[in-house]
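Coordinates from structure_29.tsv are shown below (TSV, C-alpha atoms and all ligand atoms).
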```tsv
chain	number	residue	atom	x	y	z
S	1	MET	CA	1.03	-51.52	2.28
S	2	SER	CA	-2.03	-49.30	2.45
S	3	ILE	CA	-1.79	-45.51	2.57
S	4	PHE	CA	-2.95	-45.58	6.22
S	5	GLN	CA	-0.22	-48.00	7.21
S	6	ARG	CA	2.35	-45.76	5.51
S	7	LEU	CA	0.96	-42.70	7.27
S	8	PHE	CA	1.08	-44.49	10.62
S	9	LEU	CA	4.68	-45.54	10.10
S	10	THR	CA	5.65	-42.00	9.05
S	11	ILE	CA	4.12	-40.53	12.21
S	12	LEU	CA	5.78	-43.21	14.33
S	13	PHE	CA	9.12	-42.44	12.69
S	14	LEU	CA	8.76	-38.69	13.28
S	15	SER	CA	7.74	-39.15	16.91
S	16	LEU	CA	10.66	-41.47	17.62
S	17	PHE	CA	13.39	-39.54	15.88
S	18	PHE	CA	12.15	-35.98	16.19
S	19	PRO	CA	10.62	-35.83	19.68
S	20	GLY	CA	10.93	-32.03	19.65
S	21	THR	CA	8.26	-31.77	16.99
S	22	ASN	CA	5.42	-31.99	19.47
S	23	ASN	CA	6.97	-29.34	21.71
S	24	LEU	CA	7.38	-27.03	18.78
S	25	LEU	CA	3.78	-27.49	17.83
S	26	ALA	CA	2.67	-26.88	21.42
S	27	ARG	CA	4.75	-23.73	21.60
S	28	GLN	CA	3.30	-22.41	18.37
S	29	ASP	CA	-0.17	-23.17	19.72
S	30	LYS	CA	0.61	-21.09	22.81
S	31	GLN	CA	1.90	-18.21	20.73
S	32	ASP	CA	-1.29	-18.19	18.72
S	33	HIS	CA	-3.27	-17.85	21.90
S	34	ALA	CA	-2.76	-14.20	22.62
S	35	SER	CA	-5.12	-12.59	25.02
S	36	HIS	CA	-7.88	-10.03	25.31
S	37	GLY	CA	-5.14	-7.49	25.78
S	38	SER	CA	-3.38	-7.78	22.48
S	39	ASN	CA	-4.56	-5.66	19.63
S	40	GLU	CA	-2.73	-7.75	17.09
S	41	GLY	CA	-3.05	-11.08	18.81
S	42	LYS	CA	-5.77	-13.60	18.48
S	43	HIS	CA	-8.29	-14.04	21.23
S	44	VAL	CA	-8.73	-17.53	22.48
S	45	SER	CA	-11.81	-19.02	23.90
S	46	TRP	CA	-11.87	-22.73	24.23
S	47	HIS	CA	-14.26	-25.33	23.17
S	48	TRP	CA	-14.66	-26.10	26.85
S	49	GLY	CA	-16.31	-29.40	26.21
S	50	GLY	CA	-13.21	-30.84	24.64
S	51	ARG	CA	-10.33	-28.84	25.96
S	52	LYS	CA	-8.87	-28.57	29.41
S	53	ASP	CA	-8.44	-25.26	31.19
S	54	ASP	CA	-4.66	-24.95	31.45
S	55	CYS	CA	-4.84	-22.41	34.26
S	56	PHE	CA	-3.34	-24.67	36.90
S	57	LYS	CA	-2.79	-21.88	39.41
S	58	CYS	CA	-6.10	-20.13	39.11
S	59	ASN	CA	-7.54	-21.50	42.32
S	60	ASP	CA	-4.46	-21.30	44.47
S	61	ASN	CA	-3.23	-18.38	46.52
S	62	MET	CA	-1.43	-16.85	43.58
S	63	ARG	CA	-4.59	-16.12	41.68
S	64	GLN	CA	-7.44	-14.51	43.55
S	65	ARG	CA	-9.04	-12.32	40.94
S	66	GLN	CA	-9.98	-14.55	38.06
S	67	SER	CA	-12.81	-14.06	35.58
S	68	PRO	CA	-15.56	-14.68	34.74
S	69	ILE	CA	-17.60	-14.85	37.95
S	70	GLY	CA	-21.19	-15.38	38.94
S	71	ILE	CA	-22.75	-12.10	40.04
S	72	SER	CA	-25.39	-12.16	42.76
S	73	THR	CA	-24.48	-10.31	45.98
S	74	THR	CA	-23.39	-6.79	45.23
S	75	GLU	CA	-22.60	-3.52	46.91
S	76	LYS	CA	-25.06	-0.93	45.69
S	77	GLY	CA	-24.13	2.71	45.27
S	78	PRO	CA	-23.31	5.39	42.73
S	79	LEU	CA	-20.68	4.53	40.12
S	80	GLU	CA	-18.83	6.73	37.67
S	81	SER	CA	-20.45	6.83	34.27
S	82	ILE	CA	-18.84	5.13	31.31
S	83	ASN	CA	-18.59	7.64	28.49
S	84	PHE	CA	-18.47	6.09	25.04
S	85	TYR	CA	-16.69	7.79	22.15
S	86	TYR	CA	-16.99	5.20	19.41
S	87	TYR	CA	-16.60	6.09	15.74
S	88	PRO	CA	-17.18	4.05	12.58
S	89	THR	CA	-14.27	1.96	11.34
S	90	PRO	CA	-13.69	-0.27	8.28
S	91	LEU	CA	-14.66	-3.86	9.02
S	92	LYS	CA	-11.73	-6.14	9.82
S	93	ILE	CA	-12.87	-9.51	11.04
S	94	ILE	CA	-10.90	-12.56	12.13
S	95	ASN	CA	-11.97	-16.13	12.63
S	96	ASN	CA	-9.35	-17.73	14.86
S	97	GLY	CA	-11.17	-21.02	15.07
S	98	TYR	CA	-12.51	-20.19	18.53
S	99	THR	CA	-14.46	-17.00	18.01
S	100	ILE	CA	-14.70	-14.11	15.65
S	101	GLN	CA	-12.90	-10.96	16.61
S	102	ILE	CA	-13.41	-7.56	15.08
S	103	LYS	CA	-10.31	-5.39	15.16
S	104	TYR	CA	-11.17	-1.79	15.74
S	105	GLY	CA	-9.39	1.17	14.11
S	106	SER	CA	-7.69	3.68	16.40
S	107	GLY	CA	-9.46	6.73	17.76
S	108	SER	CA	-12.44	5.16	19.53
S	109	TYR	CA	-12.38	5.03	23.32
S	110	ILE	CA	-14.23	5.19	26.61
S	111	THR	CA	-13.53	7.27	29.67
S	112	VAL	CA	-14.28	6.23	33.24
S	113	GLY	CA	-13.37	8.92	35.74
S	114	ASN	CA	-10.09	10.37	34.55
S	115	THR	CA	-8.95	7.27	32.70
S	116	ARG	CA	-9.17	6.91	28.96
S	117	TYR	CA	-9.24	3.42	27.48
S	118	GLU	CA	-8.81	2.88	23.72
S	119	LEU	CA	-11.13	0.41	22.01
S	120	MET	CA	-8.98	-2.29	20.45
S	121	GLN	CA	-11.29	-5.11	19.47
S	122	PHE	CA	-14.51	-6.85	20.31
S	123	HIS	CA	-15.46	-10.51	20.15
S	124	PHE	CA	-18.15	-12.93	21.25
S	125	HIS	CA	-18.66	-15.83	23.62
S	126	HIS	CA	-21.24	-18.57	23.55
S	127	PRO	CA	-22.80	-19.07	26.01
S	128	CYS	CA	-22.27	-15.93	28.11
S	129	GLU	CA	-19.32	-15.96	30.53
S	130	HIS	CA	-20.79	-13.92	33.41
S	131	ILE	CA	-23.80	-15.44	35.12
S	132	ILE	CA	-26.13	-12.81	36.57
S	133	ASN	CA	-28.25	-13.91	39.53
S	134	GLY	CA	-28.07	-17.46	38.29
S	135	GLN	CA	-29.17	-16.53	34.82
S	136	SER	CA	-27.20	-17.45	31.74
S	137	TYR	CA	-27.59	-15.80	28.34
S	138	PRO	CA	-27.02	-17.32	24.90
S	139	MET	CA	-24.10	-15.00	24.15
S	140	GLU	CA	-21.90	-12.24	25.55
S	141	ALA	CA	-19.90	-9.63	23.64
S	142	HIS	CA	-16.67	-8.20	25.04
S	143	LEU	CA	-15.48	-4.75	24.00
S	144	VAL	CA	-11.81	-4.67	24.95
S	145	HIS	CA	-10.16	-1.34	25.79
S	146	LYS	CA	-6.64	-0.52	26.89
S	147	ALA	CA	-5.35	2.41	28.95
S	148	ALA	CA	-1.93	4.03	28.56
S	149	ASP	CA	-0.66	2.12	31.62
S	150	GLY	CA	-1.59	-1.23	30.10
S	151	LYS	CA	-4.67	-1.81	32.27
S	152	LEU	CA	-7.72	-3.10	30.45
S	153	ALA	CA	-11.37	-2.19	30.64
S	154	VAL	CA	-13.68	-4.79	29.18
S	155	VAL	CA	-17.30	-3.83	28.65
S	156	GLY	CA	-19.48	-6.92	28.66
S	157	VAL	CA	-22.73	-6.85	26.72
S	158	LEU	CA	-25.13	-9.67	27.50
S	159	MET	CA	-27.12	-10.97	24.55
S	160	LYS	CA	-30.53	-12.48	25.12
S	161	GLU	CA	-32.81	-14.19	22.66
S	162	GLY	CA	-35.40	-11.95	21.07
S	163	LYS	CA	-35.66	-9.66	18.10
S	164	GLY	CA	-33.02	-10.07	15.39
S	165	ASN	CA	-30.09	-7.68	15.57
S	166	ASP	CA	-29.18	-5.74	12.41
S	167	PHE	CA	-25.61	-5.13	13.52
S	168	ILE	CA	-25.06	-8.85	14.14
S	169	LYS	CA	-26.69	-9.57	10.79
S	170	THR	CA	-24.04	-7.43	9.08
S	171	LEU	CA	-21.19	-9.05	11.00
S	172	TRP	CA	-22.41	-12.59	10.49
S	173	LYS	CA	-22.57	-11.93	6.73
S	174	TYR	CA	-18.81	-11.61	6.79
S	175	PHE	CA	-17.99	-14.74	8.78
S	176	PRO	CA	-14.66	-15.81	7.31
S	177	LYS	CA	-15.14	-19.02	5.40
S	178	GLU	CA	-13.20	-22.16	6.19
S	179	GLY	CA	-9.54	-21.60	5.41
S	180	GLU	CA	-9.85	-17.84	5.57
S	181	ASN	CA	-8.19	-16.21	8.57
S	182	GLU	CA	-9.08	-12.64	8.05
S	183	VAL	CA	-11.62	-10.68	6.09
S	184	VAL	CA	-10.97	-7.06	5.42
S	185	SER	CA	-14.02	-5.64	3.81
S	186	ILE	CA	-13.25	-2.50	1.90
S	187	GLY	CA	-16.27	-0.31	1.89
S	188	GLN	CA	-18.12	-1.96	4.77
S	189	LYS	CA	-17.92	0.29	7.78
S	190	ILE	CA	-19.17	-0.70	11.21
S	191	ASP	CA	-19.95	1.27	14.35
S	192	ALA	CA	-19.51	-0.34	17.76
S	193	ASN	CA	-22.18	1.97	19.18
S	194	GLN	CA	-24.63	-0.43	17.56
S	195	LEU	CA	-23.50	-3.20	19.88
S	196	LEU	CA	-24.49	-1.21	22.96
S	197	PRO	CA	-27.89	-1.36	24.66
S	198	ALA	CA	-29.95	1.82	24.96
S	199	ASN	CA	-29.07	1.97	28.67
S	200	VAL	CA	-25.33	2.13	29.31
S	201	ILE	CA	-25.76	3.83	32.68
S	202	ASN	CA	-26.41	0.76	34.78
S	203	TYR	CA	-23.67	-1.77	35.17
S	204	TYR	CA	-21.82	-4.20	37.44
S	205	HIS	CA	-18.19	-3.53	38.16
S	206	TYR	CA	-15.45	-5.70	39.60
S	207	SER	CA	-11.71	-6.35	39.24
S	208	GLY	CA	-10.78	-9.50	37.43
S	209	SER	CA	-8.71	-11.13	34.77
S	210	LEU	CA	-8.57	-12.10	31.16
S	211	THR	CA	-10.75	-15.15	30.56
S	212	THR	CA	-8.11	-16.52	28.21
S	213	PRO	CA	-4.41	-17.28	28.70
S	214	PRO	CA	-2.40	-15.79	30.30
S	215	TYR	CA	-5.34	-14.92	32.63
S	216	SER	CA	-3.62	-11.69	33.72
S	217	GLU	CA	-5.42	-9.94	36.55
S	218	ILE	CA	-5.44	-6.54	34.89
S	219	VAL	CA	-9.06	-6.15	33.86
S	220	ASN	CA	-11.61	-3.65	35.08
S	221	TRP	CA	-14.87	-5.35	34.21
S	222	PHE	CA	-17.97	-3.37	33.36
S	223	ILE	CA	-20.93	-5.64	32.69
S	224	LEU	CA	-23.84	-3.64	31.33
S	225	LYS	CA	-27.07	-4.64	33.03
S	226	THR	CA	-29.31	-4.18	30.02
S	227	PRO	CA	-28.94	-6.97	27.50
S	228	ILE	CA	-29.28	-6.51	23.75
S	229	THR	CA	-31.29	-9.02	21.73
S	230	ILE	CA	-30.34	-11.44	19.01
S	231	SER	CA	-32.61	-13.85	17.21
S	232	LYS	CA	-32.43	-17.58	17.86
S	233	VAL	CA	-31.19	-18.06	14.30
S	234	GLN	CA	-28.36	-15.57	14.87
S	235	ALA	CA	-27.31	-17.29	18.10
S	236	ASP	CA	-27.58	-20.69	16.45
S	237	THR	CA	-25.44	-19.54	13.53
S	238	PHE	CA	-22.61	-18.62	15.88
S	239	LYS	CA	-23.15	-21.79	17.88
S	240	SER	CA	-23.00	-23.98	14.78
S	241	ILE	CA	-19.50	-22.69	14.07
S	242	PHE	CA	-18.16	-22.14	17.59
S	243	LYS	CA	-19.69	-24.84	19.76
S	244	LYS	CA	-18.64	-23.49	23.13
S	245	SER	CA	-16.41	-20.52	23.71
S	246	ALA	CA	-16.89	-19.56	27.36
S	247	ARG	CA	-14.65	-20.13	30.36
S	248	PRO	CA	-16.47	-21.53	33.42
S	249	ILE	CA	-17.07	-19.14	36.32
S	250	GLN	CA	-14.22	-18.70	38.82
S	251	PRO	CA	-14.24	-18.22	42.63
S	252	ARG	CA	-14.85	-14.68	43.84
S	253	HIS	CA	-12.42	-14.93	46.76
S	254	GLY	CA	-14.21	-12.20	48.68
S	255	ARG	CA	-14.16	-9.68	45.87
S	256	ILE	CA	-16.87	-7.07	45.94
S	257	VAL	CA	-19.01	-6.50	42.89
S	258	LYS	CA	-20.33	-2.96	42.71
S	259	GLU	CA	-23.63	-2.13	41.16
S	260	ASN	CA	-25.50	1.11	40.55
S	261	ASN	CA	-29.25	1.31	40.46
C	301	ZN	ZN	-13.91	-12.32	25.94
```

Mind turning this structure into structure tokens?
Amino acid sequence: MSIFQRLFLTILFLSLFFPGTNNLLARQDKQDHASHGSNEGKHVSWHWGGRKDDCFKCNDNMRQRQSPIGISTTEKGPLESINFYYYPTPLKIINNGYTIQIKYGSGSYITVGNTRYELMQFHFHHPCEHIINGQSYPMEAHLVHKAADGKLAVVGVLMKEGKGNDFIKTLWKYFPKEGENEVVSIGQKIDANQLLPANVINYYHYSGSLTTPPYSEIVNWFILKTPITISKVQADTFKSIFKKSARPIQPRHGRIVKENN
């Protein structure tokens, strides 16, 4: 009997006599898929080409505020400024197989109006998740913040192709290798300010959800209008490792997107 035949028979045996195995595996998979909102959890973005969106209720009456969305018609007017108080933190980077996520040390935050949101982590999507006036970008970064009441504020930074980005160059240098889950780089500090465009005044705002399970509708989205640039090589490097990590756009269901000039 060949090794393949033995393997096949072993799997057959396990499936027949231990039918719970698959459920256990599925449950573990779910547990690994923590959301934008968890500081400790892993962020999940799917390889959309090969994996089904398991948000069965997203388009029914239960779920009316899903993300991402396409942004075209907006309500123009003044919006409160986003004040950034980001400070350098030691680099802590995770490759969860879907994206890389950089955990941020405590003490960095934004304020919008009277609400303070702590920066917890940031991560990347390829291609971008929000489509602006029909335009897609090669990548989008999400800076995930959490308020004391549990509400999230995610600042989206669109990334267009252009000049190479020194901050991305540093991060990409520390891509965890295959088999490595986490890289903690003693001595390498990073500063999330470097991920922001020069103009953080102008943005789109709407109420939406996590773009990963459990798709909770607790996110204040702030999509900065000014993109930052990355080189084609930098985008391709991410793409070569994470083929597709963006959720398709969701119905707006009459939601208003606000925009300042
Ligand atoms: Zn995201």

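Coordinates place CA of Leu79 (chain S) at a distance of 26.2 Å from CA of Arg63 (chain S).
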
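Taking all atoms listed in the file into account, ligand ZN 301 (chain C) has within 7 Å the residues S:His36, S:His123, S:Phe124, S:His125, S:Ala141, S:His142, S:Thr211.
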
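The list of residues with at least one atom within 9 Å of region 144-152 of chain S, based on all atoms listed in the file and without residues fewer than 2 positions apart in the same chain, reads His36, Gly37, Tyr109, Ile110, Thr115, Arg116, Tyr117, Glu118, Leu119, Met120, Gln121, Phe122, His123, His142, Val154, Val155, Gly156, Ile218, Val219, Asn220 and Trp221 of chain S.
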
Keeping only C-alpha atoms, take the residues you just selected and write them out as a compact mmCIF listing (two decimals), in the frame of the given file.
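What ended up in result12.txt:
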```txt
# COMPACT_ATOMS: atom_id res chain seq x y z
CA HIS S 36 -7.88 -10.03 25.31
CA GLY S 37 -5.14 -7.49 25.78
CA TYR S 109 -12.38 5.03 23.32
CA ILE S 110 -14.23 5.19 26.61
CA THR S 115 -8.95 7.27 32.70
CA ARG S 116 -9.17 6.91 28.96
CA TYR S 117 -9.24 3.42 27.48
CA GLU S 118 -8.81 2.88 23.72
CA LEU S 119 -11.13 0.41 22.01
CA MET S 120 -8.98 -2.29 20.45
CA GLN S 121 -11.29 -5.11 19.47
CA PHE S 122 -14.51 -6.85 20.31
CA HIS S 123 -15.46 -10.51 20.15
CA HIS S 142 -16.67 -8.20 25.04
CA VAL S 154 -13.68 -4.79 29.18
CA VAL S 155 -17.30 -3.83 28.65
CA GLY S 156 -19.48 -6.92 28.66
CA ILE S 218 -5.44 -6.54 34.89
CA VAL S 219 -9.06 -6.15 33.86
CA ASN S 220 -11.61 -3.65 35.08
CA TRP S 221 -14.87 -5.35 34.21
```

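Using all atoms listed in the file, the nearest neighbour of Pro138 (chain S) within the list S:Ile256, S:Thr73, S:Ser245, S:Leu171 is S:Ser245.
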
| task | Compile the contact shell of Thr99 (chain S) as a ChimeraX atom specification: residues with an atom at most 12 Å away, counting all atoms listed in the file, same-chain residues fewer than 2 positions apart removed. | result | /S:33,42-47,93-97,101-102,122-127,139-142,172,175-176,181,238-246

| message | Give me, as a PyMOL selection string, all polymer residues having an atom no more than 9 Å from Ile132 (chain S), counting only C-alpha atoms and skipping those fewer than 5 positions away in the same chain. | response | chain S and resi 69-72+137+225

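The coordinates place CA of Gln64 (chain S) at 8.6 Å from CA of Glu217 (chain S).
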
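Here CA of Tyr204 (chain S) stands at a distance of 17.2 Å from CA of Lys160 (chain S).
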